[in-house]
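Participant: Sharing structure-v8.txt (compact mmCIF, C-alpha atoms) below.
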# COMPACT_ATOMS: atom_id res chain seq x y z
CA MET A 224 -10.61 -16.23 -10.79
CA SER A 225 -9.31 -14.16 -13.69
CA ILE A 226 -11.12 -13.81 -16.99
CA ASP A 227 -9.08 -14.10 -20.18
CA HIS A 228 -11.06 -12.77 -23.16
CA ASP A 229 -10.10 -14.25 -26.52
CA VAL A 230 -10.41 -10.97 -28.40
CA HIS A 231 -8.22 -8.47 -30.22
CA THR A 232 -6.15 -6.09 -28.12
CA PRO A 233 -8.68 -3.74 -26.49
CA ALA A 234 -8.41 0.04 -26.61
CA VAL A 235 -6.73 1.77 -23.69
CA GLU A 236 -8.16 5.07 -22.45
CA ARG A 237 -6.92 7.60 -19.94
CA LEU A 238 -9.45 8.49 -17.27
CA GLY A 239 -10.01 12.08 -16.20
CA PRO A 240 -12.41 13.98 -13.96
CA ALA A 241 -15.38 13.21 -16.21
CA GLU A 242 -14.85 9.49 -15.57
CA VAL A 243 -14.84 9.70 -11.75
CA PRO A 244 -18.32 8.04 -11.51
CA ASP A 245 -17.11 5.16 -13.72
CA ALA A 246 -13.95 4.67 -11.66
CA ILE A 247 -15.83 4.72 -8.35
CA ALA A 248 -18.46 2.29 -9.64
CA PHE A 249 -15.72 -0.10 -10.77
CA LEU A 250 -13.74 0.08 -7.52
CA ASP A 251 -16.90 -0.14 -5.41
CA ALA A 252 -17.25 -3.77 -6.50
CA ASP A 253 -15.03 -4.40 -3.46
CA PRO A 254 -14.52 -1.14 -1.54
CA VAL A 255 -12.46 -2.86 1.14
CA LEU A 256 -10.01 -4.51 -1.23
CA HIS A 257 -9.73 -1.35 -3.33
CA VAL A 258 -9.76 1.20 -0.51
CA TYR A 259 -6.40 2.75 -1.37
CA LEU A 260 -7.40 3.67 -4.93
CA LEU A 261 -10.88 4.68 -3.85
CA ALA A 262 -9.39 7.09 -1.34
CA LEU A 263 -7.17 8.60 -4.05
CA VAL A 264 -10.05 8.99 -6.50
CA LEU A 265 -12.28 10.58 -3.86
CA ARG A 266 -9.48 12.94 -2.82
CA ASP A 267 -8.15 14.00 -6.22
CA ALA A 268 -11.06 13.32 -8.65
CA LEU A 269 -8.58 11.84 -11.20
CA ALA A 270 -7.12 15.33 -11.62
CA ARG A 271 -3.70 15.21 -9.93
CA PRO A 272 -1.29 16.16 -12.73
CA ARG A 273 1.40 13.49 -12.29
CA ASP A 274 -0.95 10.62 -11.43
CA GLU A 275 -2.34 8.65 -14.36
CA TYR A 276 -5.36 6.36 -14.49
CA TRP A 277 -5.63 4.08 -17.51
CA ALA A 278 -8.51 1.69 -18.19
CA ILE A 279 -10.10 -0.73 -20.63
CA ARG A 280 -13.82 -1.13 -21.17
CA ARG A 281 -15.90 -4.15 -22.14
CA ASP A 282 -19.42 -3.45 -23.36
CA GLY A 283 -19.11 0.14 -22.21
CA ARG A 284 -18.09 -0.67 -18.62
CA LEU A 285 -14.62 -0.62 -17.06
CA SER A 286 -13.06 -4.06 -17.07
CA ALA A 287 -9.57 -3.25 -15.79
CA LEU A 288 -7.84 -0.20 -14.34
CA LEU A 289 -4.21 0.77 -13.83
CA TYR A 290 -2.92 3.57 -11.62
CA LEU A 291 0.54 5.04 -12.24
CA GLY A 292 1.76 7.22 -9.38
CA GLY A 293 4.13 9.80 -10.80
CA HIS A 294 5.34 10.87 -7.34
CA SER A 295 4.96 7.70 -5.30
CA GLY A 296 6.03 5.16 -7.92
CA ALA A 297 2.97 3.03 -7.12
CA VAL A 298 1.76 0.91 -10.04
CA LEU A 299 -1.62 -0.52 -9.04
CA PRO A 300 -3.52 -2.89 -11.35
CA VAL A 301 -7.16 -3.68 -10.60
CA GLY A 302 -9.51 -6.18 -12.21
CA GLU A 303 -10.01 -9.81 -13.16
CA ASP A 304 -9.76 -9.41 -16.94
CA ALA A 305 -6.30 -10.85 -17.60
CA ALA A 306 -6.21 -9.86 -21.27
CA ALA A 307 -7.12 -6.29 -20.41
CA LEU A 308 -4.47 -6.17 -17.69
CA ARG A 309 -1.84 -7.44 -20.11
CA ALA A 310 -2.87 -4.70 -22.57
CA LEU A 311 -2.57 -2.12 -19.80
CA GLY A 312 0.86 -3.51 -18.97
CA GLU A 313 1.94 -3.14 -22.58
CA HIS A 314 0.70 0.45 -22.59
CA ALA A 315 2.40 1.21 -19.28
CA ARG A 316 5.77 0.20 -20.73
CA GLY A 317 5.54 3.32 -22.87
CA ARG A 318 4.84 5.42 -19.77
CA LEU A 319 7.79 4.12 -17.76
CA ALA A 320 9.65 7.41 -18.02
CA GLN A 321 6.75 9.11 -16.19
CA LEU A 322 7.43 7.00 -13.10
CA PRO A 323 10.22 7.53 -10.57
CA ARG A 324 13.22 5.26 -11.12
CA ARG A 325 12.12 3.35 -8.01
CA PHE A 326 8.60 1.97 -8.42
CA GLN A 327 6.49 -0.88 -7.09
CA VAL A 328 3.66 -2.99 -8.49
CA VAL A 329 1.05 -3.90 -5.88
CA GLY A 330 -2.32 -5.63 -6.06
CA THR A 331 -4.11 -8.93 -6.07
CA GLU A 332 -1.84 -11.80 -7.00
CA ALA A 333 -3.72 -12.47 -10.26
CA ALA A 334 -3.79 -8.83 -11.37
CA VAL A 335 -0.09 -8.33 -10.64
CA ALA A 336 0.84 -11.54 -12.48
CA ALA A 337 -1.13 -10.49 -15.59
CA LEU A 338 0.35 -6.98 -15.64
CA LEU A 339 3.91 -8.24 -15.19
CA GLU A 340 3.60 -10.37 -18.32
CA ARG A 341 4.01 -7.10 -20.25
CA PHE A 342 5.37 -4.58 -17.77
CA PRO A 343 7.97 -3.19 -17.19
CA GLY A 344 9.57 -5.10 -20.06
CA PRO A 345 12.87 -6.89 -20.80
CA GLY A 346 15.91 -5.92 -18.79
CA LEU A 347 14.11 -4.85 -15.64
CA VAL A 348 13.66 -7.42 -12.90
CA PRO A 349 12.34 -6.75 -9.41
CA ARG A 350 14.91 -6.30 -6.70
CA LEU A 351 12.33 -7.81 -4.33
CA SER A 352 9.10 -9.77 -4.80
CA ARG A 353 6.63 -10.64 -2.07
CA ARG A 354 3.63 -12.93 -1.90
CA GLN A 355 1.18 -11.56 0.62
CA ARG A 356 -2.30 -11.88 2.06
CA TYR A 357 -4.87 -9.13 2.19
CA LEU A 358 -6.82 -9.28 5.46
CA ALA A 359 -9.87 -7.43 6.72
CA LEU A 360 -11.56 -6.99 10.08
CA ALA A 361 -15.20 -6.12 10.85
CA PRO A 362 -16.22 -4.52 14.17
CA ALA A 363 -18.13 -7.55 15.43
CA ALA A 364 -15.06 -9.75 14.94
CA LEU A 365 -12.64 -7.60 16.93
CA ALA A 366 -11.38 -9.56 19.90
CA ALA A 367 -11.84 -8.15 23.39
CA ARG A 368 -8.94 -6.04 24.54
CA GLU A 369 -7.73 -3.83 27.35
CA PRO A 370 -8.10 -0.11 26.45
CA LEU A 371 -4.91 1.77 25.63
CA PRO A 372 -5.34 5.52 26.13
CA GLU A 373 -1.60 6.03 25.58
CA LEU A 374 -1.98 5.37 21.85
CA ARG A 375 -2.11 8.70 20.00
CA LEU A 376 -1.36 10.41 16.74
CA ALA A 377 2.28 11.29 16.13
CA ARG A 378 3.19 14.94 16.60
CA ARG A 379 6.08 17.07 15.46
CA GLU A 380 8.01 16.30 18.63
CA ASP A 381 7.85 12.59 17.71
CA TYR A 382 9.80 13.19 14.49
CA ALA A 383 13.04 11.56 15.61
CA LEU A 384 11.32 8.40 16.86
CA VAL A 385 9.11 8.12 13.78
CA TYR A 386 12.14 8.71 11.54
CA GLU A 387 14.33 6.06 13.16
CA SER A 388 11.58 3.46 13.61
CA GLY A 389 10.37 3.93 10.04
CA ALA A 390 13.85 3.28 8.74
CA ALA A 391 14.17 0.16 10.91
CA LEU A 392 10.78 -1.07 9.71
CA ARG A 393 11.64 -0.61 6.04
CA ALA A 394 15.02 -2.27 6.47
CA GLU A 395 13.32 -5.28 8.07
CA GLU A 396 10.43 -5.52 5.62
CA LEU A 397 11.96 -4.37 2.34
CA LEU A 398 15.68 -4.98 2.90
CA GLU A 399 16.73 -1.38 2.34
CA ASP A 400 17.37 1.72 4.42
CA PRO A 401 15.39 4.74 3.15
CA ARG A 402 17.96 7.04 4.76
CA ASP A 403 20.43 5.74 2.18
CA VAL A 404 18.31 5.26 -0.94
CA ASP A 405 16.04 8.32 -0.65
CA PRO A 406 17.16 10.53 2.25
CA VAL A 407 15.40 13.73 1.17
CA GLY A 408 12.13 12.08 0.19
CA TYR A 409 12.08 9.92 3.30
CA ALA A 410 12.65 12.86 5.63
CA ARG A 411 9.84 14.76 3.90
CA ARG A 412 7.41 11.84 4.26
CA VAL A 413 8.17 11.51 7.98
CA GLU A 414 7.55 15.21 8.44
CA GLU A 415 4.22 14.89 6.63
CA ASP A 416 3.24 11.88 8.75
CA CYS A 417 3.85 13.83 11.95
CA ARG A 418 2.06 16.88 10.59
CA ASP A 419 -0.97 15.32 8.90
CA GLY A 420 -1.97 12.61 11.35
CA HIS A 421 -1.18 9.50 9.33
CA THR A 422 0.87 7.69 11.99
CA TRP A 423 -0.11 6.46 15.45
CA VAL A 424 2.42 5.90 18.21
CA TRP A 425 2.65 4.55 21.72
CA ARG A 426 5.67 5.81 23.59
CA ASP A 427 6.61 5.81 27.26
CA ALA A 428 9.73 5.70 29.40
CA ARG A 429 11.02 2.84 27.25
CA GLY A 430 10.86 5.02 24.14
CA LEU A 431 8.78 4.00 21.16
CA VAL A 432 6.68 0.96 22.02
CA PHE A 433 4.44 0.68 18.93
CA ARG A 434 3.75 2.48 15.69
CA ALA A 435 1.38 2.01 12.76
CA SER A 436 0.12 4.19 9.94
CA VAL A 437 -3.21 4.62 8.17
CA SER A 438 -2.48 4.76 4.44
CA ALA A 439 -6.09 5.09 3.20
CA LEU A 440 -9.39 5.97 4.82
CA THR A 441 -12.97 5.84 3.50
CA ALA A 442 -16.33 5.10 5.05
CA ASP A 443 -15.93 1.49 3.94
CA ALA A 444 -12.39 0.78 5.11
CA ALA A 445 -9.27 2.05 6.82
CA GLN A 446 -6.04 0.54 5.50
CA VAL A 447 -3.33 0.08 8.12
CA SER A 448 0.35 -0.21 7.20
CA GLY A 449 3.73 -0.15 8.88
CA VAL A 450 2.77 -2.05 12.04
CA TYR A 451 5.96 -2.11 14.10
CA VAL A 452 7.20 -2.98 17.59
CA PRO A 453 10.92 -2.61 18.36
CA PRO A 454 12.61 -6.04 18.49
CA ALA A 455 13.49 -5.74 22.20
CA LEU A 456 9.81 -5.33 23.10
CA ARG A 457 8.32 -8.10 20.97
CA ASN A 458 6.44 -11.18 22.23
CA ARG A 459 4.88 -9.24 25.11
CA GLY A 460 1.40 -8.71 23.69
CA ILE A 461 2.15 -5.09 22.77
CA ALA A 462 1.13 -5.29 19.12
CA ARG A 463 -2.10 -7.09 19.90
CA ARG A 464 -3.13 -4.52 22.50
CA ALA A 465 -2.09 -1.46 20.46
CA LEU A 466 -3.45 -2.64 17.11
CA GLY A 467 -6.70 -3.66 18.76
CA GLU A 468 -7.00 -0.16 20.20
CA LEU A 469 -6.23 1.41 16.82
CA CYS A 470 -8.84 -0.73 15.06
CA SER A 471 -11.43 0.19 17.66
CA ARG A 472 -10.81 3.87 17.03
CA LEU A 473 -10.83 3.49 13.26
CA PHE A 474 -14.25 1.83 13.43
CA ALA A 475 -15.65 5.19 14.46
CA ARG A 476 -15.07 6.28 10.84
CA SER A 477 -14.88 3.09 8.77
CA SER A 478 -16.83 -0.15 8.62
CA HIS A 479 -13.71 -2.29 8.13
CA VAL A 480 -9.99 -2.23 8.89
CA CYS A 481 -7.71 -3.89 6.36
CA LEU A 482 -4.02 -4.53 5.76
CA PHE A 483 -1.71 -6.83 3.84
CA VAL A 484 1.08 -8.96 5.25
CA ASN A 485 3.86 -11.15 3.85
CA ASP A 486 2.68 -14.75 3.63
CA PHE A 487 5.84 -15.99 5.38
CA ASN A 488 5.37 -13.72 8.41
CA ALA A 489 3.82 -16.34 10.69
CA PRO A 490 3.91 -14.23 13.90
CA ALA A 491 2.11 -11.32 12.23
CA LEU A 492 -0.48 -13.60 10.63
CA ALA A 493 -1.15 -15.23 14.00
CA LEU A 494 -1.55 -11.82 15.64
CA TYR A 495 -4.01 -10.58 13.05
CA ARG A 496 -6.06 -13.75 13.21
CA ARG A 497 -6.26 -13.53 16.99
CA LEU A 498 -7.63 -10.02 16.60
CA GLY A 499 -10.29 -11.31 14.20
CA PHE A 500 -8.88 -10.47 10.76
CA VAL A 501 -9.85 -12.80 7.89
CA GLU A 502 -8.28 -13.21 4.46
CA ARG A 503 -9.90 -11.36 1.56
CA SER A 504 -7.45 -12.09 -1.27
CA PRO A 505 -4.00 -13.38 -2.20
CA TRP A 506 -1.82 -10.29 -2.67
CA ALA A 507 1.53 -9.52 -4.28
CA SER A 508 4.14 -6.78 -4.46
CA ALA A 509 7.15 -6.36 -6.73
CA PHE A 510 9.74 -3.62 -6.13
CA TYR A 511 11.88 -2.24 -8.95
CA GLU A 512 14.73 0.17 -9.50
CA ASP A 513 15.62 1.27 -13.01
CA VAL A 514 19.40 1.44 -12.65
CA THR A 515 19.77 2.69 -16.25
CA ARG A 516 18.50 6.13 -15.26
CA PRO A 517 20.87 8.89 -14.09
CA GLY A 518 21.36 8.95 -10.35
CA ALA A 519 20.22 5.38 -9.83
CA ALA A 520 22.08 3.22 -7.35
CA GLN A 521 24.09 0.51 -9.02
CA PRO A 522 23.18 -3.11 -8.25
CA HIS A 523 25.28 -4.87 -5.66
CA ALA A 524 27.81 -7.38 -6.90
Represent the structure of the file as structure tokens.

Facilitator:
Amino acid sequence: MSIDHDVHTPAVERLGPAEVPDAIAFLDADPVLHVYLLALVLRDALARPRDEYWAIRRDGRLSALLYLGGHSGAVLPVGEDAAALRALGEHARGRLAQLPRRFQVVGTEAAVAALLERFPGPGLVPRLSRRQRYLALAPAALAAREPLPELRLARREDYALVYESGAALRAEELLEDPRDVDPVGYARRVEEDCRDGHTWVWRDARGLVFRASVSALTADAAQVSGVYVPPALRNRGIARRALGELCSRLFARSSHVCLFVNDFNAPALALYRRLGFVERSPWASAFYEDVTRPGAAQPHA
């Protein structure tokens, strides 16, 4: 439940390395729900030049936080203080030029709704909005499964399969082909995935059978994204077996596995529930493209 303080507009402050303990303490209120930002703070100590962390305090303690990803375009609001989130949204409007022309707002449904009352402002509407559910799995809840030794981290020689399957996944989930809208950036991200061990694959004589990525990892949680089985291989129990194996391996480093899923994706929700995932929070995502900027794709007629 969000809190709406009836007070004057609170002061907005930018967080830097000196505020790392404050940021971690705030996010640690739910380290599973906030794993993505916690992983960024632990990795970069609020010091990455193009990433911005803005916050509002109440009685000396952080009440709301907003991350602006200068490279990724991620806009991530956190907190239950609706008035503070609206103030952060108002402030973020003035920082819009620091974001890529393609950006996305992601977070709990309440936090996203409060931020979007002020951000990004008139004239910009999302090209795509999704209502989602944030799910989490604890080790004791993981359903029994058959081991899958074939599941492994993607390597450089998997580039072509990861590239093509990632494009198919994004086209299915987000109604766009990254090879068209961001060919250079997409190719670079696939190369990094195959180099840095972010993506897991199962491939055999049929080609790619399953893929999934780990987008954030801490001792408290591992966030899984991009779960994908090629359409011709679906409804054969592949995702349940492979994701179960992946979760089992991730539990060696994290106490929970988490992910978010579109609320209309009934087959995926059923799969995750069979594995033992439970809902932690209503979630939301809104995807934008500022077509007024040079080089932006024009909207379709």

Participant: Please enclose the listed atoms of segment 458-468 of chain A in an axis-aligned box, pad each side by 4 Å, and write out the centre and the three edge lengths in Å, rounded to one decimal, as AutoDock Vina command-line options.

Facilitator:
--center_x -0.3 --center_y -5.7 --center_z 21.1 --size_x 21.4 --size_y 19.0 --size_z 16.0

Participant: Mind pulling up the distance from atom CA of Arg284 of chain A to atom CA of Asp245 of chain A?

Facilitator: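 Going from atom CA of Asp245 of chain A over to atom CA of Arg284 of chain A covers 7.7 Å.
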
Participant: Find, counting all atoms listed in the file, the residue in A:Ala442, A:Glu373, A:Pro454, A:Ile461 that gets nearest to Arg426 of chain A.

Facilitator: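 Of A:Ala442, A:Glu373, A:Pro454, A:Ile461, the one nearest Arg426 of chain A is A:Glu373, counting all atoms listed in the file.
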
Participant: Of the candidates A:Ser388, A:Asp405, A:Arg237, A:Val258, which shows the shortest atom-to-atom distance to Ala315 of chain A, using only C-alpha atoms?

Facilitator: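 Of A:Ser388, A:Asp405, A:Arg237, A:Val258, the one nearest Ala315 of chain A, counting only C-alpha atoms, is A:Arg237.
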
Participant: Atom CA of Ser504 of chain A and atom CA of Asn458 of chain A, how far apart in Å?

Facilitator: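 These atoms are spaced 27.3 Å apart.
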
Participant: What does the structure give for the distance between atom CA of Ala491 of chain A and atom CA of Pro254 of chain A, in Å to one decimal?

Facilitator: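 Computing the Euclidean distance for atom CA of Ala491 of chain A and atom CA of Pro254 of chain A yields 23.9 Å.
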
Participant: Using only C-alpha atoms, which residue out of A:Glu340, A:Glu468, A:Glu332, A:Glu236 lies closest to Leu289 of chain A?

Facilitator: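 That would be A:Glu236, the residue with the smallest distance to Leu289 of chain A.
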
Participant: Determine, counting all atoms listed in the file, which protein, DNA and RNA residues have an atom within 7 Å of an atom of Glu275 of chain A; residues of the same chain fewer than 2 positions away are not included. Present the result as a PDB file with C-alpha atoms, in the frame of the given file.

Facilitator:
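Done, and the output landed in around.pdb:
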ATOM      1  CA  ARG A 273       1.400  13.490 -12.290  1.00  0.00           C
ATOM      2  CA  TRP A 277      -5.630   4.080 -17.510  1.00  0.00           C
ATOM      3  CA  TYR A 290      -2.920   3.570 -11.620  1.00  0.00           C
ATOM      4  CA  LEU A 291       0.540   5.040 -12.240  1.00  0.00           C
ATOM      5  CA  GLY A 292       1.760   7.220  -9.380  1.00  0.00           C
TER       6      GLY A 292
END

Participant: Which residues are close to segment 393-401 of chain A, i.e. within 9 Å by all atoms listed in the file, leaving aside same-chain residues fewer than 2 positions away? Reply as an mmCIF file with C-alpha atoms, keeping the file's coordinate frame.

Facilitator:
data_model
loop_
_atom_site.group_PDB
_atom_site.id
_atom_site.type_symbol
_atom_site.label_atom_id
_atom_site.label_comp_id
_atom_site.auth_asym_id
_atom_site.auth_seq_id
_atom_site.Cartn_x
_atom_site.Cartn_y
_atom_site.Cartn_z
ATOM 1 C CA LEU A 351 12.330 -7.810 -4.330
ATOM 2 C CA SER A 388 11.580 3.460 13.610
ATOM 3 C CA GLY A 389 10.370 3.930 10.040
ATOM 4 C CA ALA A 390 13.850 3.280 8.740
ATOM 5 C CA ALA A 391 14.170 0.160 10.910
ATOM 6 C CA ASP A 403 20.430 5.740 2.180
ATOM 7 C CA VAL A 404 18.310 5.260 -0.940
ATOM 8 C CA ASP A 405 16.040 8.320 -0.650
ATOM 9 C CA PRO A 406 17.160 10.530 2.250
ATOM 10 C CA GLY A 408 12.130 12.080 0.190
ATOM 11 C CA TYR A 409 12.080 9.920 3.300
ATOM 12 C CA ALA A 410 12.650 12.860 5.630
ATOM 13 C CA GLY A 449 3.730 -0.150 8.880
ATOM 14 C CA ASN A 485 3.860 -11.150 3.850
ATOM 15 C CA PHE A 510 9.740 -3.620 -6.130
#
